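Pasting input.cif here (mmCIF, C-alpha atoms):
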data_final
#
loop_
_atom_site.label_atom_id
_atom_site.label_comp_id
_atom_site.auth_asym_id
_atom_site.auth_seq_id
_atom_site.Cartn_x
_atom_site.Cartn_y
_atom_site.Cartn_z
CA MET A 1 141.09 66.77 -75.83
CA ALA A 2 138.68 69.33 -74.38
CA ASN A 3 139.02 72.99 -75.23
CA PRO A 4 140.70 75.18 -72.59
CA THR A 5 138.53 77.48 -70.50
CA ALA A 6 139.19 80.72 -68.65
CA THR A 7 137.59 82.43 -65.70
CA PHE A 8 137.21 86.21 -65.77
CA GLU A 9 137.17 87.62 -62.23
CA THR A 10 135.55 91.05 -62.55
CA THR A 11 134.27 93.74 -60.22
CA LYS A 12 130.72 92.71 -61.32
CA GLY A 13 131.25 88.98 -60.68
CA ASN A 14 132.84 86.05 -62.49
CA PHE A 15 132.15 84.40 -65.82
CA ASP A 16 133.74 81.47 -67.63
CA VAL A 17 134.55 81.06 -71.31
CA GLU A 18 135.47 78.14 -73.54
CA LEU A 19 138.15 78.85 -76.13
CA TYR A 20 138.02 77.19 -79.55
CA LEU A 21 141.72 76.36 -79.64
CA GLU A 22 141.44 73.45 -82.07
CA GLU A 23 139.28 75.31 -84.61
CA MET A 24 140.82 78.78 -84.10
CA PRO A 25 144.45 78.14 -83.06
CA ILE A 26 145.82 81.60 -83.99
CA THR A 27 143.12 83.70 -82.34
CA ALA A 28 142.40 81.48 -79.32
CA GLY A 29 146.13 80.80 -78.90
CA ASN A 30 146.82 84.54 -78.89
CA PHE A 31 144.20 85.08 -76.18
CA LEU A 32 145.57 82.20 -74.09
CA SER A 33 149.15 83.48 -74.36
CA LEU A 34 148.12 86.97 -73.25
CA ALA A 35 145.91 85.68 -70.43
CA GLU A 36 148.58 83.33 -69.09
CA SER A 37 151.16 86.12 -69.13
CA GLY A 38 148.88 88.33 -66.97
CA PHE A 39 148.41 90.87 -69.78
CA TYR A 40 144.64 91.18 -69.18
CA ASP A 41 144.82 91.40 -65.37
CA GLY A 42 143.73 94.81 -64.09
CA LEU A 43 142.31 96.07 -67.39
CA HIS A 44 138.81 97.56 -67.70
CA PHE A 45 135.98 97.13 -70.18
CA HIS A 46 136.54 100.26 -72.24
CA ARG A 47 133.57 100.05 -74.63
CA VAL A 48 130.06 98.94 -73.70
CA ILE A 49 127.13 99.30 -76.06
CA LYS A 50 123.77 98.12 -74.73
CA ASP A 51 122.08 95.48 -76.89
CA PHE A 52 125.28 95.00 -78.89
CA MET A 53 128.54 94.05 -77.15
CA ILE A 54 131.13 94.67 -74.43
CA GLN A 55 134.76 95.26 -75.47
CA PHE A 56 137.93 94.53 -73.56
CA GLY A 57 141.68 94.02 -73.92
CA CYS A 58 143.27 97.42 -74.51
CA PRO A 59 146.43 97.88 -72.41
CA PHE A 60 145.63 101.59 -72.03
CA SER A 61 142.41 100.65 -70.19
CA LYS A 62 144.40 99.90 -67.04
CA ASP A 63 143.46 103.53 -66.37
CA PRO A 64 139.72 103.47 -67.13
CA GLN A 65 139.72 107.24 -67.72
CA SER A 66 142.57 107.20 -70.24
CA PRO A 67 141.66 108.86 -73.54
CA ARG A 68 143.84 106.19 -75.20
CA ALA A 69 141.66 103.32 -73.89
CA GLY A 70 140.55 101.39 -76.96
CA THR A 71 143.57 102.28 -79.10
CA GLY A 72 146.23 99.83 -77.93
CA GLY A 73 147.29 96.29 -78.61
CA PRO A 74 149.55 93.55 -77.32
CA PRO A 75 153.34 93.87 -76.97
CA HIS A 76 153.92 91.30 -79.74
CA GLY A 77 151.84 93.18 -82.30
CA LYS A 78 148.95 92.17 -84.52
CA ILE A 79 147.82 88.68 -85.49
CA GLN A 80 146.74 87.19 -88.80
CA ASP A 81 143.01 87.09 -89.51
CA GLU A 82 141.68 83.60 -88.97
CA PHE A 83 138.79 83.11 -91.36
CA THR A 84 138.39 79.35 -91.12
CA THR A 85 135.49 77.97 -89.06
CA LYS A 86 132.11 79.62 -89.56
CA PHE A 87 131.14 80.44 -85.98
CA SER A 88 128.49 83.17 -85.91
CA ASN A 89 128.59 86.21 -83.60
CA GLU A 90 125.79 84.88 -81.38
CA PRO A 91 125.05 86.10 -77.84
CA GLY A 92 127.88 85.15 -75.48
CA THR A 93 130.51 84.57 -78.16
CA LEU A 94 133.99 86.09 -78.00
CA SER A 95 135.04 87.78 -81.22
CA MET A 96 138.31 89.42 -82.28
CA ALA A 97 138.17 93.19 -82.52
CA ASN A 98 140.15 94.95 -85.25
CA THR A 99 140.67 98.33 -86.87
CA GLY A 100 138.72 97.39 -89.97
CA GLN A 101 141.94 96.66 -91.84
CA PRO A 102 143.12 93.11 -92.65
CA ASN A 103 145.25 91.37 -90.03
CA SER A 104 144.76 94.15 -87.46
CA GLY A 105 143.51 92.13 -84.48
CA GLY A 106 145.63 91.82 -81.36
CA SER A 107 144.59 91.87 -77.73
CA GLN A 108 141.17 93.49 -77.97
CA PHE A 109 138.05 91.40 -78.31
CA PHE A 110 134.37 91.75 -77.60
CA ILE A 111 131.63 89.60 -76.18
CA ASN A 112 128.40 89.76 -78.15
CA THR A 113 125.34 90.42 -75.98
CA VAL A 114 122.91 89.89 -78.88
CA HIS A 115 123.13 88.05 -82.20
CA ASN A 116 125.36 90.19 -84.42
CA SER A 117 125.45 88.07 -87.57
CA PHE A 118 126.36 91.14 -89.64
CA LEU A 119 129.81 90.93 -87.96
CA ASP A 120 130.44 87.36 -89.18
CA TRP A 121 133.54 87.17 -91.35
CA PHE A 122 131.55 85.07 -93.83
CA SER A 123 128.64 87.54 -94.14
CA PRO A 124 128.52 90.15 -96.89
CA GLY A 125 129.79 93.57 -95.84
CA GLN A 126 132.88 95.20 -94.42
CA SER A 127 132.92 93.90 -90.83
CA ARG A 128 134.95 90.73 -90.41
CA HIS A 129 135.24 89.46 -86.86
CA PRO A 130 136.14 85.82 -86.22
CA VAL A 131 134.58 84.13 -83.19
CA PHE A 132 137.09 82.22 -81.04
CA GLY A 133 135.15 81.26 -77.92
CA LYS A 134 131.93 81.51 -75.94
CA VAL A 135 130.67 82.21 -72.44
CA ILE A 136 129.80 78.92 -70.75
CA SER A 137 128.72 80.25 -67.34
CA GLY A 138 128.05 83.64 -65.83
CA MET A 139 126.14 85.15 -68.75
CA ASP A 140 124.21 87.12 -66.11
CA VAL A 141 127.49 88.91 -65.28
CA VAL A 142 128.12 89.64 -68.98
CA LYS A 143 124.59 91.03 -69.27
CA ALA A 144 125.12 93.17 -66.15
CA ILE A 145 128.27 94.63 -67.70
CA GLY A 146 126.38 95.14 -70.97
CA THR A 147 123.67 97.20 -69.27
CA THR A 148 125.92 99.32 -67.06
CA GLN A 149 125.45 103.07 -67.41
CA THR A 150 127.82 104.58 -69.97
CA LEU A 151 128.96 107.95 -71.23
CA GLN A 152 130.15 107.85 -74.84
CA ASP A 153 130.17 104.01 -74.66
CA ARG A 154 132.49 103.99 -71.62
CA PRO A 155 131.17 102.70 -68.27
CA VAL A 156 130.50 105.56 -65.84
CA VAL A 157 131.50 103.24 -62.99
CA PRO A 158 134.54 101.35 -64.33
CA VAL A 159 134.25 97.56 -64.69
CA GLN A 160 137.60 95.92 -64.07
CA VAL A 161 138.82 92.44 -64.85
CA LYS A 162 140.86 91.70 -61.75
CA ARG A 163 142.38 88.65 -63.41
CA VAL A 164 141.86 85.97 -66.02
CA VAL A 165 142.64 82.41 -64.94
CA VAL A 166 143.22 79.83 -67.70
CA HIS A 167 142.24 76.20 -67.17
CA ARG A 168 143.88 73.67 -69.51
#

Starting from the file, lay out its structure as structure tokens.
Amino acid sequence: MANPTATFETTKGNFDVELYLEEMPITAGNFLSLAESGFYDGLHFHRVIKDFMIQFGCPFSKDPQSPRAGTGGPPHGKIQDEFTTKFSNEPGTLSMANTGQPNSGGSQFFINTVHNSFLDWFSPGQSRHPVFGKVISGMDVVKAIGTTQTLQDRPVVPVQVKRVVVHR
């Protein structure tokens, strides 16, 4: 059975992702559940760092100017870290964000815009971010988001995800 995909409809254009549900059932399943419930619809990219990544999924980012954007998680709480398959944080991959503490991921994730192997859960160091999907079309849109003008890592002109549509 093919992996599910999802379309992100954003104010900068659309992009599609493949989700590694078979290999990463906890993390990809969490994303799918949130996306299908409409949780991500109307949220904004709250953290954009050029030549690094774009971050999304905080419920407080519905208001792109909220000082709490980047601090929230899903209504069901945190998920267990899924350190199973060794997918590297390559350009275009989706990776679970966390607080730096074990089992602290939830709704926030980031899309790598460059190869960030130092974030691989299987690399030496403190950062441990499991990859659970990848961009399969529209990487130009991801790059456009990743190069938008920012102030303190927040887009000056907000970039909204109007909705996420899951395809199973």

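Restricting the calculation to all atoms listed in the file, the smallest distance between A:Phe52 and any of A:Ser88, A:Asn116, A:Thr150, A:Gln101 is found for A:Asn116.
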
Report task. Would you translate the PyMOL selection byres ((chain A and resi 103) around 7) into the concrete set of residues it matches in this file, as a PyMOL selection string? Result -> chain A and resi 78-81+101-102+104-105

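Remark: for A:Met139, the closest of the candidate residues A:Leu21, A:Phe87, A:Phe31, A:Val114 is A:Val114 (distances computed over all atoms listed in the file).
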
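Residue neighbourhood of A:Ser127, excluding near-sequence residues (fewer than 4 positions): Asn89, Ser95, Met96, Ala97, Asn98, Thr99, Gly100, Gln101, Pro102, Asn116, Ser117, Phe118, Leu119, Asp120, Trp121, Phe122 and Ser123 of chain A, at 12 Å, using only C-alpha atoms.
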
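The environment of A:Ile136 within 12 Å, counting only C-alpha atoms and disregarding residues fewer than 4 places along the same chain, consists of Asn3, Pro4, Thr5, Ala6, Thr7, Phe8, Asn14, Phe15, Asp16, Val17, Glu18, Leu19, Pro91, Gly92, Thr93, Leu94, Asp140, Val141 and Val142 of chain A.
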
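Distance check against A:Leu34 using only C-alpha atoms: of A:Gly57, A:Pro124, A:Pro155, A:Pro130, the minimum falls on A:Gly57.
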
**Report entry** Which residue of A:Thr84, A:Thr11, A:Thr113, A:Thr147 approaches A:Ile26 most closely, using all atoms listed in the file
**Finding:** A:Thr84

Query raised in the report: Residues around (133.5, 96.1, -75.7), cut-off 8 Å, counting only C-alpha atoms - what are they as an MDAnalysis selection string?
Result: chainID A and resid 45:49 53:56 109:111

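Atom CA of A:Glu36 is found 14.3 Å from atom CA of A:His76.
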
**Report entry** Ground truth for the PyMOL selection byres ((chain A and resi 44) around 7), written as a PyMOL selection string
**Finding:** chain A and resi 42-43+45-46+56+61-62+64+158-161
